[in-house]
Protein chains: 2
Amino acid sequence: MTVTARTADLAGGRPVVPSRGAMRPLGLGEARITGGFWARRQQTNGSATLEHGRMWMDKLGWTGSFVPADRAGAAADRRGREFTDSEVYKLVEAMAWETGRSPQPGRDREIGELAAMFASAQAPDGYLHTAFGRPGQRPRYSDLAWGHELYCTGHLLQAAVARTRTAGADELLEVARRAADHVCATFGNDGPAIVCGHPEIETALAELARVTGEQRYLDQAALFLRRRGHRSLPPHQFGWEYFSDDVPIRHAHTLRGHAVRALYLAAGAVDVAVETGDDELLEAVADQFDRTLARRTYLTGGMGSRHEDEAFGEDFVLPADRAYSETCAGVAAIMLAWRLLLATGRARYADVIERILYNVVATSIGDDGRSFFYANTLHQRTPTGVVPDDQEQLGFGGGPRAPWFEVSCCLGNTARLIASLSAYLAAVAGDELRLFQYADAEVRTTLADGRAIGVSVATSYPDSGGIRLRITETAGGPWSIALRLPDWAAGAASGATAASVIVNGRAQTVGGDRVVVRREFAVGDEIVLQLPMSPRFTFPDPRIDAVRGCVAVERGPVVLCAESTETGPDLDQVRVDPATAPAGEQDGEAVAVAALIDDTAPAAWPYADAPPDGSRTPTTLRLVPYHRWGRRGPATMRIWLPRT
Amino acid sequence: MTVTARTADLAGGRPVVPSRGAMRPLGLGEARITGGFWARRQQTNGSATLEHGRMWMDKLGWTGSFVPADRAGAAADRRGREFTDSEVYKLVEAMAWETGRSPQPGRDREIGELAAMFASAQAPDGYLHTAFGRPGQRPRYSDLAWGHELYCTGHLLQAAVARTRTAGADELLEVARRAADHVCATFGNDGPAIVCGHPEIETALAELARVTGEQRYLDQAALFLRRRGHRSLPPHQFGWEYFSDDVPIRHAHTLRGHAVRALYLAAGAVDVAVETGDDELLEAVADQFDRTLARRTYLTGGMGSRHEDEAFGEDFVLPADRAYSETCAGVAAIMLAWRLLLATGRARYADVIERILYNVVATSIGDDGRSFFYANTLHQRTPTGVVPDDQEQLGFGGGPRAPWFEVSCCLGNTARLIASLSAYLAAVAGDELRLFQYADAEVRTTLADGRAIGVSVATSYPDSGGIRLRITETAGGPWSIALRLPDWAAGAASGATAASVIVNGRAQTVGGDRVVVRREFAVGDEIVLQLPMSPRFTFPDPRIDAVRGCVAVERGPVVLCAESTETGPDLDQVRVDPATAPAGEQDGEAVAVAALIDDTAPAAWPYADAPPDGSRTPTTLRLVPYHRWGRRGPATMRIWLPRT
């Protein structure tokens, strides 16, 4: 299949633009978030986060590394680790989406200046990486496993794609084209059968092909995919699995190894599968993701249980207290889920996106937009520390929200997602508008037959479950609106009321994973979806050893947690009785569960020939949204609560 | 306090020779293991393991790195990581103990040849490390945090101590003296206030002081201890805690950070505390170890729950499936426990040694003595792989028993312990012989008053609980024999019968942590200790989230486990009923527990609003000693069994 150029995206920018699939995604100009939970975060992202990122990258010399290769000191003055170029590119990508969301001349100029810097640092043959290939540096592509050269190029391409889709073709696209041409010339059919240690170039090349219409970029992406899985990377302690280089992608059974690497690769595979009509590959990736969701995903939607190699870990090894659940794996999983949703139309992928948004992405980002959890633990045993505003955290991994990490991918990744978030709200399939995520929003788009339609959404979701849609524009004849019914809304075992839908005052039947309202709409028509928001207990699969005998509490899409307070109990002594339903039905009301305090004292040896027998004092345990934890100072926290 | 030289140790070598303390340890010539569980392993160690280590170290060029610093290619031809010198030294230490246990002219010659190589590689000022300071290498002490220079020197010193105590002073002691003198000259009172990233030099200098009578070695050890804990090492992602450099040793509350580092350091601190009469330091370390045993130790006695930084992890974070429980941390914990036992006389430290010996050390070593677990997991979810005999494992960490690791400390560490193991059986306190570990053995020693005594021990422990002692030598007047009553033998909750002692056919009262038989012994007198060996259920502290709702089964000092078989159940589906006592009372009989198979199928999302409800089929689950697992080919395994 041949891709077609779409450099001017009148719909105001879309992160993913497949040329076929179950649905057509909407652009930032077609769906806008106008208020509520995510609007506040978009605001903070556009103001504080982007500035914060730029400030740190300037301060640490990451932006300053983009100088002409022949400038004196180009190698010696270069700063940061081998992947810091990619952080600058991700920041530019986020800036590009932000200008699509909310145009700003200053930001526009900033992107232009950064693009000019990239251009100045690019070699005549299109190669662009500030840590390799210059006098005094290691040769180009001399360390495919760890050098991150093609990974950085991929993020450059994604930045250019975002820029082109939100502002049209400019110098950044030219830099990206030259870089992509260099990659094709170096790693084409006649090139070496090797791959980059960190996937990313695959999805980037596919999108650049979509933007430019250049078939060879897509072919190169497909070639990289075919080359992976043959153990061409050097042996390493973490195994080829770490790089997803152990098994060809279409023969794998599950996502594995380094979570971000695996998820980026899978996203690229979906792009290529869609563009080349390779349904076998598409279904292989969907199966792997489904299996990952069934066995290797935290309740929060977080992925990756190993700190050591930032990896998924084995099936059902999902420790709460050593959860890694990297923020970037959350962003990457959303990238993959969105692609699968567009390609297959399966609603569960929208459920996953919602879960990750509220419980990983929203958790990671500090209220000020200037601090981040790199990893998102589900159980904090000792109070988190406090990181000074001006202190860079070495490496990556655990610890409290910090202003900056040596490996600082969370900022760029969350920023580009949040800036483009409205593009994930809805899509069009034929004459049906499908709404996936619920937020105050304005949607104005066209159906497949060209009819212009408009819908306005008002809600205080996820605080409450009411979602009110009003038709703001319509055209002759019937069309449909499909509203996602989240998987969690289907459960009734814990006494949750079922979802309901009222169309212009009249109840409509509800069931399955969506409710479809089809009619000849008139402007002013109203649809009210009510989702059941009673807090509910959630029980884990018994294979998950780490949380055996525990329950969690969820409310709508939000996972709740117990956070320690000065006057509250030691969270490791709390036992919850799931026979009594959690209280707190009303909007904004704190959720409370009946609990006991088990005061068994630690012994000199923590293993005994009889179960411990401490006294148990009744108490009431208050729960808060997990994404709110750790915002009032050092605290302990747990999502999974031992049962009485 | 001044140390006194004891270069000629007529007692046949002792790993630790404190100049004061609660007891006097016996040498390899005073206590000999003559048969049974450990005799077989000593045999294999002395033949197969030492040869295997030498073969790999030659093959990989680690021994070959010991060439004169000015030889052409000395830097370029140097092989291995920055700590491989220490592996050669540990092997020599093991060889030295082995010659003390079982003299062999060939081995003696080999030690001499290796010592000559070390001497040839030593700089005129005493510095000796093959990876630093030569033309083309990094300067000496330019990377204190990771260079392992003083760590390697420490192992050189320990090898020389072992050699001197088993064969007398020779060239190896001279090399060690020169190296230690160089350390004192470089890092003495006027030297820089910095420490090595990996403790080890402290305990080594203290022992070298004991061997040579050189006070300045002890002073230097004390100085290194005082200098640690002040964050002199550079910041690192793992924190100063990793290096035990976060808090001065006498102010810390628990062992923390990298387990082997912390345990070696604590061992050195006990040595210095004992020699300098610093009881405050001694009790501080004892408290830290006690707290570590209460909160940071696996049922097996294994320590370290983190793969990422090989660290202890937080209190009660003891996941079975991601247990690290490094073999070397087991050896290091025995080193520390033995020092604390000698200094304080507290029986629990002998309990700990027993637990680690049977459940970490015995587990790590392959039947052929040529393969090792680096880490000792308590739960294997997917069958272990098979490592070819000639394949080096990169790095360290998980995986099956392997013939060799890039970081290959397990071989040297287990080899030096096993070769010297008989020294850990017993000690003398006044006119009392204290027996700590039970094995077929011959003990011939002298009481504090100079009387020669002899005891022969016959047992098939730990297969059975009967231990028969016969007096083989005695002298006028009464003296005592104290037999340790393990902590596990005191438990009666699971129906275990209490221990009993019969002296010359007559029962004696038993209680507490030891039974003391005092009388005017005659040759031929017989004491029979019977320990209760019924298998018993063991329940974890509820703070250990990872094994909530589980039980383990132990028999005597041996932790049992379920290992998968071709016809047996999926171990992750087994539920055990602790109301029915485990069966298998007789020696050698397999232990079996009543269990159910829970056939709940995995769902698409592993969290649900009701507990899963699979059917349950009764079965009988056979258990084997944990140290036997993984010896019949790829298998899954679990120690902690979920309760019905």
# chains A, B, ... in the order shown; residues from 1 in each chain; ligands from 1
>>> select_by_dssp(residues="range 360-469 of chain B", states="alpha helix (DSSP H)", output="PyMOL selection string")
chain B and resi 362-364+409-419
>>> write_last_selection(atoms="C-alpha atoms", output="PDB file, in the first residue's frame")
ATOM      1  CA  ALA B 362      24.059 -25.764  50.102  1.00  0.00           C
ATOM      2  CA  THR B 363      21.488 -24.518  47.609  1.00  0.00           C
ATOM      3  CA  SER B 364      23.897 -22.457  45.578  1.00  0.00           C
ATOM      4  CA  CYS B 409      32.440 -14.225  43.493  1.00  0.00           C
ATOM      5  CA  CYS B 410      30.239 -17.198  44.496  1.00  0.00           C
ATOM      6  CA  LEU B 411      32.847 -19.819  43.724  1.00  0.00           C
ATOM      7  CA  GLY B 412      35.651 -18.274  45.746  1.00  0.00           C
ATOM      8  CA  ASN B 413      33.398 -17.328  48.602  1.00  0.00           C
ATOM      9  CA  THR B 414      31.700 -20.705  48.999  1.00  0.00           C
ATOM     10  CA  ALA B 415      35.003 -22.525  48.436  1.00  0.00           C
ATOM     11  CA  ARG B 416      36.837 -20.697  51.215  1.00  0.00           C
ATOM     12  CA  LEU B 417      33.897 -21.240  53.582  1.00  0.00           C
ATOM     13  CA  ILE B 418      33.428 -24.922  52.830  1.00  0.00           C
ATOM     14  CA  ALA B 419      37.152 -25.665  53.081  1.00  0.00           C
TER      15      ALA B 419
END
>>> closest_atom_pairs(of="chain A", to="chain B", cutoff="6 Å", atoms="only C-alpha atoms", output="JSON lines")
{"residue": "A:Gln237", "atom": "CA", "partner": "B:Leu394", "partner_atom": "CA", "distance": 4.7}
{"residue": "A:Ala294", "atom": "CA", "partner": "B:Trp605", "partner_atom": "CA", "distance": 4.6}
{"residue": "A:Glu308", "atom": "CA", "partner": "B:Glu308", "partner_atom": "CA", "distance": 3.9}
{"residue": "A:Leu394", "atom": "CA", "partner": "B:Gln237", "partner_atom": "CA", "distance": 4.8}
{"residue": "A:Gly395", "atom": "CA", "partner": "B:Gln237", "partner_atom": "CA", "distance": 5.2}
{"residue": "A:Phe537", "atom": "CA", "partner": "B:Asp609", "partner_atom": "CA", "distance": 5.9}
{"residue": "A:Thr538", "atom": "CA", "partner": "B:Asp609", "partner_atom": "CA", "distance": 4.6}
{"residue": "A:Phe539", "atom": "CA", "partner": "B:Ala608", "partner_atom": "CA", "distance": 5.3}
{"residue": "A:Pro540", "atom": "CA", "partner": "B:Tyr607", "partner_atom": "CA", "distance": 4.6}
{"residue": "A:Asp541", "atom": "CA", "partner": "B:Pro606", "partner_atom": "CA", "distance": 5.2}
{"residue": "A:Ala546", "atom": "CA", "partner": "B:Ala546", "partner_atom": "CA", "distance": 4.4}
{"residue": "A:Ala604", "atom": "CA", "partner": "B:Ala294", "partner_atom": "CA", "distance": 4.7}
{"residue": "A:Trp605", "atom": "CA", "partner": "B:Ala294", "partner_atom": "CA", "distance": 4.6}
{"residue": "A:Pro606", "atom": "CA", "partner": "B:Asp541", "partner_atom": "CA", "distance": 5.1}
{"residue": "A:Tyr607", "atom": "CA", "partner": "B:Pro540", "partner_atom": "CA", "distance": 4.6}
{"residue": "A:Ala608", "atom": "CA", "partner": "B:Phe539", "partner_atom": "CA", "distance": 5.3}
{"residue": "A:Asp609", "atom": "CA", "partner": "B:Thr538", "partner_atom": "CA", "distance": 4.6}
{"residue": "A:Ala610", "atom": "CA", "partner": "B:Phe539", "partner_atom": "CA", "distance": 5.9}
{"residue": "A:Pro611", "atom": "CA", "partner": "B:Phe539", "partner_atom": "CA", "distance": 5.4}
>>> residues_around(residues="Arg32 in chain B", least_positions_apart="6", cutoff="6 Å", atoms="only C-alpha atoms", output="tab-separated table (two decimals) with C-alpha atoms, in the first residue's frame")
chain	number	residue	atom	x	y	z
B	422	SER	CA	35.00	-27.45	60.50
B	441	ALA	CA	33.14	-35.01	63.47
B	442	GLU	CA	36.22	-35.53	65.57
>>> residues_around(residues="Leu128 in chain A", least_positions_apart="4", cutoff="9 Å", atoms="only C-alpha atoms", output="list in words")
Phe118, Ala119, Ala121, Gln122, Ala123, Phe132, Glu149, Cys152, Thr153, Val175 and Ala179 of chain A
>>> write_last_selection(atoms="N, CA and C atoms", output="short mmCIF file (atom, residue, chain, number, x, y, z; two decimals), in the first residue's frame")
data_model
loop_
_atom_site.label_atom_id
_atom_site.label_comp_id
_atom_site.auth_asym_id
_atom_site.auth_seq_id
_atom_site.Cartn_x
_atom_site.Cartn_y
_atom_site.Cartn_z
N PHE A 118 19.13 22.63 15.36
CA PHE A 118 19.27 21.24 14.90
C PHE A 118 19.91 21.22 13.52
N ALA A 119 19.42 22.12 12.65
CA ALA A 119 19.94 22.17 11.28
C ALA A 119 21.44 22.47 11.28
N ALA A 121 23.55 21.71 13.47
CA ALA A 121 24.33 20.59 14.01
C ALA A 121 24.30 19.36 13.09
N GLN A 122 23.49 19.43 12.07
CA GLN A 122 23.32 18.25 11.20
C GLN A 122 24.48 18.16 10.20
N ALA A 123 24.98 16.95 10.02
CA ALA A 123 26.05 16.74 9.05
C ALA A 123 25.51 16.88 7.63
N PHE A 132 28.00 11.40 18.90
CA PHE A 132 28.75 10.44 18.08
C PHE A 132 29.27 11.12 16.80
N GLU A 149 21.30 6.21 18.92
CA GLU A 149 21.34 7.15 17.80
C GLU A 149 20.04 7.12 17.00
N CYS A 152 17.16 8.57 18.99
CA CYS A 152 17.12 10.03 18.96
C CYS A 152 16.57 10.52 17.62
N THR A 153 17.04 9.92 16.55
CA THR A 153 16.53 10.31 15.23
C THR A 153 15.01 10.14 15.19
N VAL A 175 14.98 19.15 8.19
CA VAL A 175 15.99 18.46 8.99
C VAL A 175 15.62 16.99 9.15
N ALA A 179 17.55 13.63 7.84
CA ALA A 179 17.94 12.59 8.80
C ALA A 179 17.36 11.23 8.37
#
>>> atom_distance(atom1="CA of Ala94 in chain B", atom2="CA of Ala439 in chain B")
20.9 Å
>>> atom_distance(atom1="CA of Glu326 in chain A", atom2="CA of Ala375 in chain A")
4.3 Å
>>> closest_residue(among="A:Thr636, A:Ser408, A:Thr99, A:Gln137", to="Glu87 in chain A", atoms="only C-alpha atoms")
A:Ser408
>>> residues_around(residues="Ala507 in chain B", least_positions_apart="6", cutoff="10 Å", atoms="only C-alpha atoms", output="MDAnalysis selection string")
chainID B and resid 500:501 527:529
>>> residues_around(residues="range 443-449 of chain A", least_positions_apart="2", cutoff="7 Å", atoms="only C-alpha atoms", output="ChimeraX atom specification")
/A:30-32,428,430-432,441,451-456
>>> residues_around(residues="Gly330 in chain A", least_positions_apart="4", cutoff="9 Å", atoms="only C-alpha atoms", output="PyMOL selection string")
chain A and resi 260+301-303+325-326+334-335+353+356-357+360-361
>>> atom_distance(atom1="CA of Pro234 in chain A", atom2="CA of Ala311 in chain B")
27.6 Å
>>> select_by_dssp(residues="range 394-640 of chain A", states="strand (DSSP E)", output="number ranges by chain")
A: 404-405, 426-429, 432-435, 440-446, 452-459, 466-473, 479-484, 500-503, 506-508, 514-519, 526-530, 536-540, 550-555, 558-563, 574-576, 591-598, 607-608, 616-625, 637-638
>>> closest_residue(among="A:Ala337, A:Ile502, A:Ala115, A:Leu255", to="Ala169 in chain A", atoms="only C-alpha atoms")
A:Ala115
